[in-house]
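Structure, as structure tokens:
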4 protein chains.
Amino acid sequence: MIPRYSHDTLVRIWSDAHRLAVWLRVEIAVTAAWEARGLVPAGTAARMRERAATIDTAHLAVRQTELEQTTQHDVIAFLQACEEQLGDDARWLHFGMTSSDVVDTAFALLLREAGGEVLAALDRVLAALRERALEHKMTPCLGRTHGQAAEPTTFGLKLLSTWAELSRGRARLVRALEEIGTGKIAGAVGNYGNVPPEVEAAALTELGLGVEPVATQVVPRDRHAVFFTTLAVIAGGIERLAVEVRHLQRSEVKEAFEPFGKGQRGSSAMPHKKNPILSENLTGLCRLLRSYAGASLEDVALWHERDISHSSVERVIAPDATTALHFALTRTERLVRGLVVDAARMAHNLASAGDIVGSGAVLLALVERGVARQEAYGWVQRCALAGGDFRAALKADGEIAARVAPADVDRLLSVENHLRHVDAMFARVLGG
Amino acid sequence: MIPRYSHDTLVRIWSDAHRLAVWLRVEIAVTAAWEARGLVPAGTAARMRERAATIDTAHLAVRQTELEQTTQHDVIAFLQACEEQLGDDARWLHFGMTSSDVVDTAFALLLREAGGEVLAALDRVLAALRERALEHKMTPCLGRTHGQAAEPTTFGLKLLSTWAELSRGRARLVRALEEIGTGKIAGAVGNYGNVPPEVEAAALTELGLGVEPVATQVVPRDRHAVFFTTLAVIAGGIERLAVEVRHLQRSEVKEAFEPFGKGQRGSSAMPHKKNPILSENLTGLCRLLRSYAGASLEDVALWHERDISHSSVERVIAPDATTALHFALTRTERLVRGLVVDAARMAHNLASAGDIVGSGAVLLALVERGVARQEAYGWVQRCALAGGDFRAALKADGEIAARVAPADVDRLLSVENHLRHVDAMFARVLGG
Amino acid sequence: MIPRYSHDTLVRIWSDAHRLAVWLRVEIAVTAAWEARGLVPAGTAARMRERAATIDTAHLAVRQTELEQTTQHDVIAFLQACEEQLGDDARWLHFGMTSSDVVDTAFALLLREAGGEVLAALDRVLAALRERALEHKMTPCLGRTHGQAAEPTTFGLKLLSTWAELSRGRARLVRALEEIGTGKIAGAVGNYGNVPPEVEAAALTELGLGVEPVATQVVPRDRHAVFFTTLAVIAGGIERLAVEVRHLQRSEVKEAFEPFGKGQRGSSAMPHKKNPILSENLTGLCRLLRSYAGASLEDVALWHERDISHSSVERVIAPDATTALHFALTRTERLVRGLVVDAARMAHNLASAGDIVGSGAVLLALVERGVARQEAYGWVQRCALAGGDFRAALKADGEIAARVAPADVDRLLSVENHLRHVDAMFARVLGG
Amino acid sequence: MIPRYSHDTLVRIWSDAHRLAVWLRVEIAVTAAWEARGLVPAGTAARMRERAATIDTAHLAVRQTELEQTTQHDVIAFLQACEEQLGDDARWLHFGMTSSDVVDTAFALLLREAGGEVLAALDRVLAALRERALEHKMTPCLGRTHGQAAEPTTFGLKLLSTWAELSRGRARLVRALEEIGTGKIAGAVGNYGNVPPEVEAAALTELGLGVEPVATQVVPRDRHAVFFTTLAVIAGGIERLAVEVRHLQRSEVKEAFEPFGKGQRGSSAMPHKKNPILSENLTGLCRLLRSYAGASLEDVALWHERDISHSSVERVIAPDATTALHFALTRTERLVRGLVVDAARMAHNLASAGDIVGSGAVLLALVERGVARQEAYGWVQRCALAGGDFRAALKADGEIAARVAPADVDRLLSVENHLRHVDAMFARVLGG
């Protein structure tokens, strides 16, 4: 991912140096497992770990790149580079393993590490949403469907809706991280040709990963497709919020505004503008997340016990998708926390929408009083489409007035009437 | 979905008639809930149910279509059509509801119904895979990576690998069906403007659905995106199997063959051909599934409390994706059950690949005997690339022979050596 | 495509009966070419054509379906069904051909036929756009960027912008239809094993198609990918217009409205609503078009001289994509022609946005008068952010007033000033 | 794009330093155009150009980044950074312009520059394909459909098929580069509010770009969608070739091999392997290209006169897509040039497929001799499915032998018979 959309944490995780450090961690875990079975001299893994702790992994990455020029094989080049560092013990590295044993197992660790950062960022967004939702639990504003004034709602409910959506996303991400958390030390075609299941079990336990029950040469890619599509669905939730903010910040609506820093400039040509550029930016980032999910879905059907076509895809989208989503979430948190809410404007817009948004309540009251639904609909619609004062029209309409008293009309059209269940909704979602 | 790729079960579920029947079921469930609260006269819902049972839903669908020409609104047209059938009671229909209350709640029921058929088809595939995997648990064949002979494996393991993948898909589908199983009777903007939460709870309980904790006018579309991406990931597993069969049926490989019916013809020009058309067809269907998932991901970010842009997408992809996947799974079951496995040819191909596929075991033995990995790799590679008899070359190679006795070479190169853990793998995956 | 989004013209083109009629047309064209070379008895093709004209193609389709149950091969079943109709002459059908010769050549004809309907619908949209653009060439309205008031523009320019985009789309569609317009009668692997190039040339000339220069068994699928992605880009243009209308119809904007039929109802719960459902529907249909394009891109890399995985994809997306786009264009024409434009409201909104939208012109005037850009930006911004009367603030600002006279401020802030080049833009785009 | 898949040329084009240099080029071109109209003092643009030639653009990029921390606006930060370099003249920069005037016009130049490199790489691939196609024009090999032996073809024809496909891709890329080659200096909403069309025309002419006939604030994004989908279709052609090579290099086929460098290692566990890793890598890269195309299609429908959601997408996919495709093409050239073709093995496989691949020719001969097609099909099929020597079976089959003499059977089954039109195909495609 380009630096503009990358935070350091994620850059570090996906650096060559860190990747090789994780590869080495996997190699040593396997060596330790062999050692426990007596096939590698006692003390080897401990010595390796000691030395590994002192290795300059950035240098290791440089050497690997150099050696790969000749071998054209990244794991072999890595092993050669390790041998330069670990001396004689190095001959026990990669014992019984195939390249994918180390690469795929390490990939699981890296995805979990990156995914963990995404999860943490998501948690920060959830905390911010919860806080602001509670703050505006009873801030009335206009609910809109089809871009049209619908019925009154509260700004807190809008935020709670995204909170609930992203909470579902969180649960899915936790599951996806579990699903992605398997390694395999099972050899060239996944059937333990040169390594017993016990070595794999011991090594993966040490690494905190599950055992892939039936690997091919690699961990099956359905797990990864689930991971990347899960990220894309979370992005959808961010995008929905971003689109909401973009609408609310429209010149004609002006109900909420992105934080606007001192010195910030909206436009090089129009000094008056306050553009919702954070939200627009988020909208675009979410498109990227969708596209990465698409590529991951094409990676599932590898040939036979594997081909390596998934690799180039993953070298790009694993960093790009996790980094972009982590960035987007971080930006979303800032957006939510800094969002300037104009409750007065919300009230104004609600009032401007007029009594007409309460038309449904009147319709209902008529039916309750025995009018056939279609007939009632027609009566209310004629008052609505008349274009004048809706409330007055209702009170003046002979057929309606005969059934609904003026005071009842007033009550039915009140904002309070629409918000009487909001408290209960918050309670059932956030508890307490 | 076109008839060619549609089974009747799914066609029925997605018919207009059935959809309206489910709409009516939802409407009556809500009426019953109101009745329980005393707002609708006692006995109304029971009378409705009685009449509903006799309604010709195909006729209802025709009437709705006619009425929609005028109203341009499908739910209003549906209600008018119902009134023609239910008489006076009909005025209690849709009481306090907005269109999406019925449409989205019914959509959840329909998706669960269609998804349930997909699940059942998936279970049939799993059963077939399990059976054939056990049948061929110890049928040796060549494992291939990068399309190259790798190490020996068994045909049963190949099938077990897909079984495991689709089992994961099954678990995800069950979860997706849970996630999709929420309804909402919460009004125009989701905050119970004209209907209390208790009515929703009672109605949804009767319908077997959960309550959407924070709806807008609609059930949030992240749930649907998860559903459709889950179908696409399952499709990936089918495609992987289909690609495997296509490879195995190649003229040069000939290890397995699709069932080929009597009277079936492979080619209009070449009478000798037996083409893996089922598997190729499955490959294409899986592309469709991926594309539908892509469309569903764009549906998440609706405007404000909803816009209706998701609707046209869903009217198409909900039937198309479930029907196509149900068809693909049904075809996959037939493919798996009817697959003609040529174990002799597998043995032949394995033998043709030669001892060279055991090169890894020899490499390992050398390291075990104290040779540095890189050095051992070089020794084995020179025997391998010599192009002659690999086994003889190993035995004749001075450096290797000094460390590995001829009998050990034979043992290391044996197929049995590679398959010694297959039993354990089956046991841990299938149990017992 | 579902009936809801299908017009009869497209349904007919993609019917089984019509497809088989086109297959038969291709077969007879090839027979005629053989006849011209003396290999088929003189008069055969003419007799076939005569009989073909009387064949009930719907019946032919039924018979083919029945026969395919046994043969499992659609072309062979078709040939058998033809033999029932054409009698003895039928033995000359398919002479030297492979199935794909007829299927792919006919597919080109069908895509051109369907694409031609799409083109015609697009032309109707362009005509409507042109007309309404000219009608509103000088109807001033607010230009908006980032959803914020920007500078004045005209409603005609908005429509002209879509006209220009869809005109580009038209040119691309014409090219794509040329690209898709090749057939192949070149045999099983495309090298004229059993048919000479001259027969292909004669047959394709009669059919109005070009010769595929290097076919495999099929016409290469890059041509189709271009076709479907071209449809998706056209859909993008429709979607942009649809999103524009959805914004303009917002309750807070109210500058334009979709045609709203007599008897039409906006909402089952809220009788007052006029929802932009046509535009929202178009937005969703465009997502479908994007998804079909994605599937078509996966069809390009077939195996060797072909596998048939593309077929299931195309059986679905060829009708679906062309039918949905044809429907969307037809709906777009109706939308454009019926769009209710509220010029007074546009003027009102423009006035409400205030003089501030002319801030850029003032900035420029200051620079023109020798002020450094950054300094000028600061001066104008302080007037803009003051929140009061921008025009007065500019006139009152010491530094600005010293350089721009009050009359000049008035001129710079006028709407006319912003629209002085609109005439020229129309002239250069529409000519005249 | 990650360094692994990036060549320096593309990295340079998409560097911040180069981008700003192009921005400055655009700004100066506009200044020159103003100067020609007398609104900017004579000599200003020349002085700017002189100074610009000496600016350290890497430093400029660093300063821009620093300044953007405060302004949160990249163009304003750029202008401030330029002022530091250009002194007093700088006040004429950006005169009458909006940010998108410079950004979008520069983006067109950058896309054309990057696209030009892609085109050059494509030309190198075409040259390599042409050369190798001619080299193997008459190298017989087996044509395969459905992965089954079909009829004989030549290896040259396979390459010619990709040559033809990529030649079409080349023509489309040239057109896409024309389409993407428009700039706009038309102000905040595209109607020349603060700049006359003549200034735009002069500036764009100097820059070698066309004028966008109806811009909004930005160049319409359908142009970009066409560009990125065009890249994806070209990728499809590469993928088809890559899949072909992967098949031909299979252990069971062994007809062609990727170049395998000295010292290169195929597998860390299996020293004997020669894996088609270049082709597999290309397969994956093409998935990425498809995914980028998908994101670009979502960028078309911007809000009103623009929102900036496309920007984050393009900042990522413009470099990523062009760099990855340039890399893929460069790798493809290497693959094609270095491909090791085993003509003897091809001949062997062709012979192994046996006479049966000539079954179509025999079928045809029977029909030519008056047998009804279905009957002839049956006769040939019974010889084919008998499983023995097909040629002998044909000669021994009473019904066949009565019509086709043994010598004719021999001729019909000969490879030469199938290749008799290959010369003509090459001539019509490559000329000469």
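How things are named: the first chain in the structure tokens is A, the next is B, and so on; residues count from 1 in each chain; ligands count from 1 in the order shown.
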
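Residues with any atom within 9 Å of B:Ala33, counting only C-alpha atoms and excluding same-chain neighbours fewer than 4 positions away, are Ile28, Ala29, Arg37, Gly38, Val40, Ala45, Glu198, Val199, Glu200, Ala201, Ala202 and Ala203 of chain B.
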
Next item on the list: Write out as number ranges by chain the residues lying within 7 Å of A:Leu177, counting only C-alpha atoms and excluding same-chain residues fewer than 4 positions away.
Entry: A: 112, 115, 173, 181

Next item on the list: Tell me the residues of chain C close to chain A, meaning within 9 Å using only C-alpha atoms, as a ChimeraX atom specification.
Entry: /C:144-151,246-247,249-253,268-277,280,298,349,353,356-361,363-364,377-378,380-385

What would the file look like if the residues just selected were written as a compact mmCIF listing (two decimals), in the first residue's frame with N, CA and C atoms?
```
# COMPACT_ATOMS: atom_id res chain seq x y z
N ARG C 144 -22.04 21.64 -7.75
CA ARG C 144 -21.65 21.17 -6.42
C ARG C 144 -20.47 20.21 -6.53
N THR C 145 -19.49 20.43 -5.72
CA THR C 145 -18.40 19.45 -5.62
C THR C 145 -18.29 19.05 -4.17
N HIS C 146 -18.00 17.80 -3.93
CA HIS C 146 -17.97 17.27 -2.57
C HIS C 146 -19.31 17.48 -1.87
N GLY C 147 -20.37 17.57 -2.65
CA GLY C 147 -21.68 17.82 -2.04
C GLY C 147 -21.83 19.24 -1.50
N GLN C 148 -20.85 20.07 -1.82
CA GLN C 148 -20.87 21.45 -1.34
C GLN C 148 -21.16 22.39 -2.49
N ALA C 149 -21.82 23.46 -2.17
CA ALA C 149 -22.02 24.49 -3.18
C ALA C 149 -20.67 24.90 -3.75
N ALA C 150 -20.58 24.86 -5.06
CA ALA C 150 -19.33 25.28 -5.69
C ALA C 150 -19.62 26.55 -6.50
N GLU C 151 -19.61 26.47 -7.81
CA GLU C 151 -19.88 27.66 -8.61
C GLU C 151 -21.14 27.41 -9.43
N ARG C 246 -31.06 11.39 -8.09
CA ARG C 246 -31.38 11.08 -6.70
C ARG C 246 -31.00 12.23 -5.78
N HIS C 247 -29.87 12.86 -6.07
CA HIS C 247 -29.47 14.01 -5.26
C HIS C 247 -30.41 15.20 -5.47
N GLN C 249 -33.43 15.26 -6.36
CA GLN C 249 -34.79 15.04 -5.86
C GLN C 249 -34.83 14.98 -4.32
N ARG C 250 -33.68 15.01 -3.69
CA ARG C 250 -33.68 15.00 -2.21
C ARG C 250 -34.63 16.05 -1.66
N SER C 251 -35.21 15.77 -0.53
CA SER C 251 -36.14 16.72 0.10
C SER C 251 -35.52 18.10 0.27
N GLU C 252 -34.23 18.14 0.53
CA GLU C 252 -33.60 19.43 0.81
C GLU C 252 -33.19 20.16 -0.46
N VAL C 253 -33.21 19.47 -1.57
CA VAL C 253 -32.71 20.06 -2.81
C VAL C 253 -33.87 20.36 -3.76
N SER C 268 -45.88 2.71 1.15
CA SER C 268 -47.07 2.09 1.72
C SER C 268 -47.39 2.68 3.09
N ALA C 269 -46.38 3.33 3.70
CA ALA C 269 -46.61 3.87 5.05
C ALA C 269 -46.71 5.39 5.05
N MET C 270 -46.03 6.04 4.10
CA MET C 270 -45.95 7.50 4.14
C MET C 270 -46.49 8.08 2.85
N PRO C 271 -47.76 8.46 2.87
CA PRO C 271 -48.43 8.86 1.63
C PRO C 271 -47.84 10.09 0.96
N HIS C 272 -46.96 10.82 1.65
CA HIS C 272 -46.49 12.08 1.08
C HIS C 272 -45.27 11.90 0.19
N LYS C 273 -44.72 10.73 0.16
CA LYS C 273 -43.39 10.60 -0.45
C LYS C 273 -43.40 10.47 -1.97
N LYS C 274 -42.42 11.14 -2.58
CA LYS C 274 -42.16 10.96 -4.01
C LYS C 274 -40.73 10.46 -4.13
N ASN C 275 -40.58 9.19 -4.21
CA ASN C 275 -39.25 8.60 -4.17
C ASN C 275 -38.64 8.44 -5.56
N PRO C 276 -37.37 8.69 -5.68
CA PRO C 276 -36.71 8.54 -6.99
C PRO C 276 -36.40 7.08 -7.28
N ILE C 277 -37.46 6.29 -7.36
CA ILE C 277 -37.23 4.84 -7.44
C ILE C 277 -36.69 4.40 -8.79
N GLU C 280 -32.94 4.94 -8.41
CA GLU C 280 -32.35 3.98 -7.48
C GLU C 280 -32.30 2.60 -8.13
N GLU C 298 -12.96 -13.38 -16.55
CA GLU C 298 -12.40 -14.66 -16.14
C GLU C 298 -12.51 -15.72 -17.24
N ASN C 349 -32.03 27.84 -4.79
CA ASN C 349 -30.87 27.19 -4.16
C ASN C 349 -29.57 27.91 -4.51
N ALA C 353 -27.13 29.62 -1.79
CA ALA C 353 -25.70 29.31 -1.64
C ALA C 353 -24.95 30.60 -1.45
N ILE C 356 -21.00 33.47 -1.94
CA ILE C 356 -19.75 32.81 -1.60
C ILE C 356 -19.23 31.92 -2.72
N VAL C 357 -20.17 31.45 -3.54
CA VAL C 357 -19.72 30.59 -4.63
C VAL C 357 -18.90 31.38 -5.65
N GLY C 358 -18.93 32.69 -5.55
CA GLY C 358 -18.10 33.47 -6.45
C GLY C 358 -16.74 33.82 -5.86
N SER C 359 -16.43 33.20 -4.74
CA SER C 359 -15.18 33.54 -4.05
C SER C 359 -13.96 33.36 -4.95
N GLY C 360 -14.03 32.34 -5.82
CA GLY C 360 -12.89 32.08 -6.70
C GLY C 360 -12.63 33.25 -7.63
N ALA C 361 -13.69 33.84 -8.13
CA ALA C 361 -13.52 34.96 -9.06
C ALA C 361 -12.85 36.14 -8.36
N LEU C 363 -10.88 35.95 -5.71
CA LEU C 363 -9.49 35.54 -5.48
C LEU C 363 -8.66 35.86 -6.71
N LEU C 364 -9.19 35.49 -7.85
CA LEU C 364 -8.47 35.66 -9.10
C LEU C 364 -8.23 37.13 -9.41
N TYR C 377 -5.72 34.38 -0.96
CA TYR C 377 -6.53 33.27 -0.47
C TYR C 377 -6.94 33.52 0.98
N GLY C 378 -5.97 33.99 1.75
CA GLY C 378 -6.23 34.27 3.16
C GLY C 378 -7.28 35.37 3.34
N VAL C 380 -9.66 36.32 1.25
CA VAL C 380 -11.00 35.90 0.84
C VAL C 380 -11.56 34.90 1.85
N GLN C 381 -10.69 34.03 2.32
CA GLN C 381 -11.16 33.03 3.27
C GLN C 381 -11.69 33.68 4.55
N ARG C 382 -11.01 34.72 5.00
CA ARG C 382 -11.49 35.35 6.25
C ARG C 382 -12.88 35.97 6.04
N CYS C 383 -13.15 36.50 4.85
CA CYS C 383 -14.50 37.01 4.57
C CYS C 383 -15.50 35.85 4.51
N ALA C 384 -15.05 34.75 3.93
CA ALA C 384 -15.95 33.60 3.73
C ALA C 384 -16.31 32.96 5.07
N LEU C 385 -15.31 32.80 5.91
CA LEU C 385 -15.54 32.06 7.15
C LEU C 385 -16.18 32.95 8.22
```

Next item on the list: Give me the residues within 9 Å of D:Ala106 as a ChimeraX atom specification, counting only C-alpha atoms and dropping any in the same chain fewer than 2 places off.
Entry: /D:19-20,22-26,101-104,108-111,183

Next item on the list: Check the DSSP output for the backbone and give back, as an NGL selection string, the residues of stretch 74-281 of chain A in alpha helix (DSSP H).
Entry: :A and (74-86 or 99-135 or 155-180 or 197-207 or 222-248 or 277-281)

Next item on the list: Run DSSP on the backbone of this structure and report the residues of stretch 145-389 of chain A it assigns to strand (DSSP E or B), as an NGL selection string.
Entry: :A and (145 or 148-154 or 182-183 or 210-211 or 256-257 or 340-341)

Would you list the contacts of B:Arg369 as a short mmCIF file (atom, residue, chain, number, x, y, z; two decimals) with C-alpha atoms, in the first residue's frame, taking every protein, DNA or RNA residue within 12 Å and counting only C-alpha atoms, but skipping same-chain residues closer than 2 positions in sequence?
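Resulting contents of around-v1.cif:
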```cif
data_model
loop_
_atom_site.label_atom_id
_atom_site.label_comp_id
_atom_site.auth_asym_id
_atom_site.auth_seq_id
_atom_site.Cartn_x
_atom_site.Cartn_y
_atom_site.Cartn_z
CA LEU A 39 16.66 -36.29 15.66
CA VAL A 40 18.41 -32.99 16.09
CA PRO A 41 21.17 -32.70 18.68
CA ARG A 91 22.13 -27.67 8.51
CA TRP A 92 19.22 -28.67 10.72
CA PHE A 95 14.66 -30.49 8.09
CA VAL B 362 16.95 -39.03 0.26
CA LEU B 363 17.89 -35.42 0.82
CA LEU B 364 16.55 -35.68 4.32
CA ALA B 365 18.37 -38.91 5.07
CA LEU B 366 21.62 -37.27 4.07
CA VAL B 367 21.05 -34.33 6.38
CA VAL B 371 25.56 -33.56 5.61
CA ALA B 372 24.95 -29.86 5.35
CA ARG B 373 21.65 -29.19 3.70
CA ALA B 376 23.10 -32.65 0.19
CA GLU B 399 29.20 -39.28 -1.61
CA ILE B 400 25.66 -40.52 -1.24
CA ALA B 401 26.50 -44.21 -1.23
CA ALA B 402 29.01 -43.58 1.55
CA ARG B 403 26.10 -42.51 3.75
CA VAL B 404 22.96 -44.26 2.55
CA ALA B 405 22.97 -47.98 1.94
#
```

Item checked: Long-range neighbours of A:Ala407 as JSON, numbers by chain, 12 Å cut-off, only C-alpha atoms, 4 positions minimum in chain -> {"A": [391, 392, 394, 395, 401, 403, 411, 412, 413, 414]}

Writer output for current selection, N, CA and C atoms, as a PDB file, in the first residue's frame:
```
ATOM      1  N   ARG A 391     -50.924  19.663   8.574  1.00  0.00           N
ATOM      2  CA  ARG A 391     -51.638  19.488   9.840  1.00  0.00           C
ATOM      3  C   ARG A 391     -53.029  20.114   9.764  1.00  0.00           C
ATOM      4  N   ALA A 392     -53.067  21.335   9.236  1.00  0.00           N
ATOM      5  CA  ALA A 392     -54.348  22.026   9.094  1.00  0.00           C
ATOM      6  C   ALA A 392     -55.265  21.257   8.150  1.00  0.00           C
ATOM      7  N   LEU A 394     -55.339  18.097   7.583  1.00  0.00           N
ATOM      8  CA  LEU A 394     -55.865  16.913   8.263  1.00  0.00           C
ATOM      9  C   LEU A 394     -57.044  17.291   9.155  1.00  0.00           C
ATOM     10  N   LYS A 395     -56.830  18.384   9.885  1.00  0.00           N
ATOM     11  CA  LYS A 395     -57.885  18.797  10.807  1.00  0.00           C
ATOM     12  C   LYS A 395     -59.130  19.268  10.066  1.00  0.00           C
ATOM     13  N   ALA A 401     -61.380  14.326  10.074  1.00  0.00           N
ATOM     14  CA  ALA A 401     -61.763  15.007  11.311  1.00  0.00           C
ATOM     15  C   ALA A 401     -62.874  14.260  12.036  1.00  0.00           C
ATOM     16  N   ARG A 403     -63.041  11.324  12.530  1.00  0.00           N
ATOM     17  CA  ARG A 403     -62.492  10.151  13.238  1.00  0.00           C
ATOM     18  C   ARG A 403     -61.325  10.472  14.163  1.00  0.00           C
ATOM     19  N   ARG A 411     -50.787  15.075  18.623  1.00  0.00           N
ATOM     20  CA  ARG A 411     -49.977  14.057  19.276  1.00  0.00           C
ATOM     21  C   ARG A 411     -49.324  13.135  18.233  1.00  0.00           C
ATOM     22  N   LEU A 412     -50.127  12.735  17.259  1.00  0.00           N
ATOM     23  CA  LEU A 412     -49.619  11.797  16.254  1.00  0.00           C
ATOM     24  C   LEU A 412     -48.479  12.396  15.446  1.00  0.00           C
ATOM     25  N   LEU A 413     -48.540  13.716  15.271  1.00  0.00           N
ATOM     26  CA  LEU A 413     -47.516  14.358  14.449  1.00  0.00           C
ATOM     27  C   LEU A 413     -46.281  14.763  15.258  1.00  0.00           C
ATOM     28  N   SER A 414     -46.305  14.559  16.555  1.00  0.00           N
ATOM     29  CA  SER A 414     -45.184  15.025  17.381  1.00  0.00           C
ATOM     30  C   SER A 414     -43.941  14.157  17.212  1.00  0.00           C
TER      31      SER A 414
END
```

Compile the contact shell of D:Trp163 as a CSV table (one decimal) with N, CA and C atoms, in the first residue's frame: residues with an atom at most 10 Å away, counting only C-alpha atoms, same-chain residues fewer than 4 positions apart removed.
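Result saved to around11.csv:
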```
chain,number,residue,atom,x,y,z
C,214,VAL,N,-7.3,-15.9,-36.3
C,214,VAL,CA,-6.7,-17.2,-35.7
C,214,VAL,C,-7.6,-17.6,-34.6
D,125,VAL,N,6.7,-8.0,-26.4
D,125,VAL,CA,6.1,-9.3,-26.4
D,125,VAL,C,5.6,-9.7,-27.8
D,126,LEU,N,5.0,-8.8,-28.5
D,126,LEU,CA,4.5,-9.1,-29.8
D,126,LEU,C,5.6,-9.5,-30.7
D,127,ALA,N,6.7,-8.8,-30.6
D,127,ALA,CA,7.9,-9.1,-31.5
D,127,ALA,C,8.4,-10.5,-31.2
D,128,ALA,N,8.5,-10.8,-29.9
D,128,ALA,CA,9.0,-12.2,-29.5
D,128,ALA,C,8.0,-13.2,-29.9
D,129,LEU,N,6.7,-13.0,-29.8
D,129,LEU,CA,5.7,-14.0,-30.2
D,129,LEU,C,5.8,-14.2,-31.7
D,130,ARG,N,5.9,-13.2,-32.4
D,130,ARG,CA,6.0,-13.3,-33.9
D,130,ARG,C,7.2,-14.1,-34.3
D,133,ALA,N,6.6,-17.7,-33.2
D,133,ALA,CA,5.5,-18.3,-34.0
D,133,ALA,C,6.1,-18.7,-35.4
D,157,LEU,N,1.1,-22.0,-34.5
D,157,LEU,CA,-0.3,-21.5,-34.5
D,157,LEU,C,-0.7,-21.1,-33.1
D,158,LYS,N,-0.3,-21.9,-32.1
D,158,LYS,CA,-0.7,-21.5,-30.7
D,158,LYS,C,-0.1,-20.1,-30.4
D,159,LEU,N,1.2,-19.9,-30.8
D,159,LEU,CA,1.8,-18.6,-30.5
D,159,LEU,C,1.1,-17.5,-31.3
D,167,SER,N,-2.3,-8.4,-30.2
D,167,SER,CA,-2.4,-7.4,-31.2
D,167,SER,C,-3.7,-6.6,-31.1
D,168,ARG,N,-4.8,-7.3,-30.9
D,168,ARG,CA,-6.0,-6.7,-30.6
D,168,ARG,C,-5.9,-5.8,-29.4
D,169,GLY,N,-5.3,-6.4,-28.4
D,169,GLY,CA,-5.1,-5.7,-27.1
D,169,GLY,C,-4.3,-4.4,-27.3
D,237,GLY,N,-5.1,-12.1,-22.0
D,237,GLY,CA,-4.3,-12.7,-23.1
D,237,GLY,C,-3.0,-13.3,-22.6
D,241,LEU,N,-1.9,-17.4,-22.3
D,241,LEU,CA,-0.6,-18.0,-22.7
D,241,LEU,C,0.1,-18.7,-21.5
D,429,VAL,N,-2.4,-13.3,-41.5
D,429,VAL,CA,-2.2,-12.6,-40.2
D,429,VAL,C,-1.0,-11.7,-40.1
D,430,LEU,N,0.1,-12.3,-40.5
D,430,LEU,CA,1.4,-11.6,-40.4
D,430,LEU,C,1.8,-10.9,-41.7
```

Next item on the list: One decimal, Å: what's the distance from atom CA of C:Ile2 over to atom CA of B:Thr70, could you say?
Entry: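 These atoms are spaced 20.3 Å apart.
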
Margin query: Quick one: residues within 10 Å of C:Ile238, only C-alpha atoms, excluding same-chain residues fewer than 3 positions away - as a PyMOL selection string?
Written below: (chain C and resi 125+162+165-166+232-235+241-244+279+282-283+285-286+325+328-329+332) or (chain D and resi 300-301)

Next item on the list: Please indicate the distance in Å from atom CA of C:Arg345 to atom CA of C:Glu255, rounded to one decimal place.
Entry: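 Taking atom CA of C:Arg345 and atom CA of C:Glu255, their separation equals 5.7 Å.
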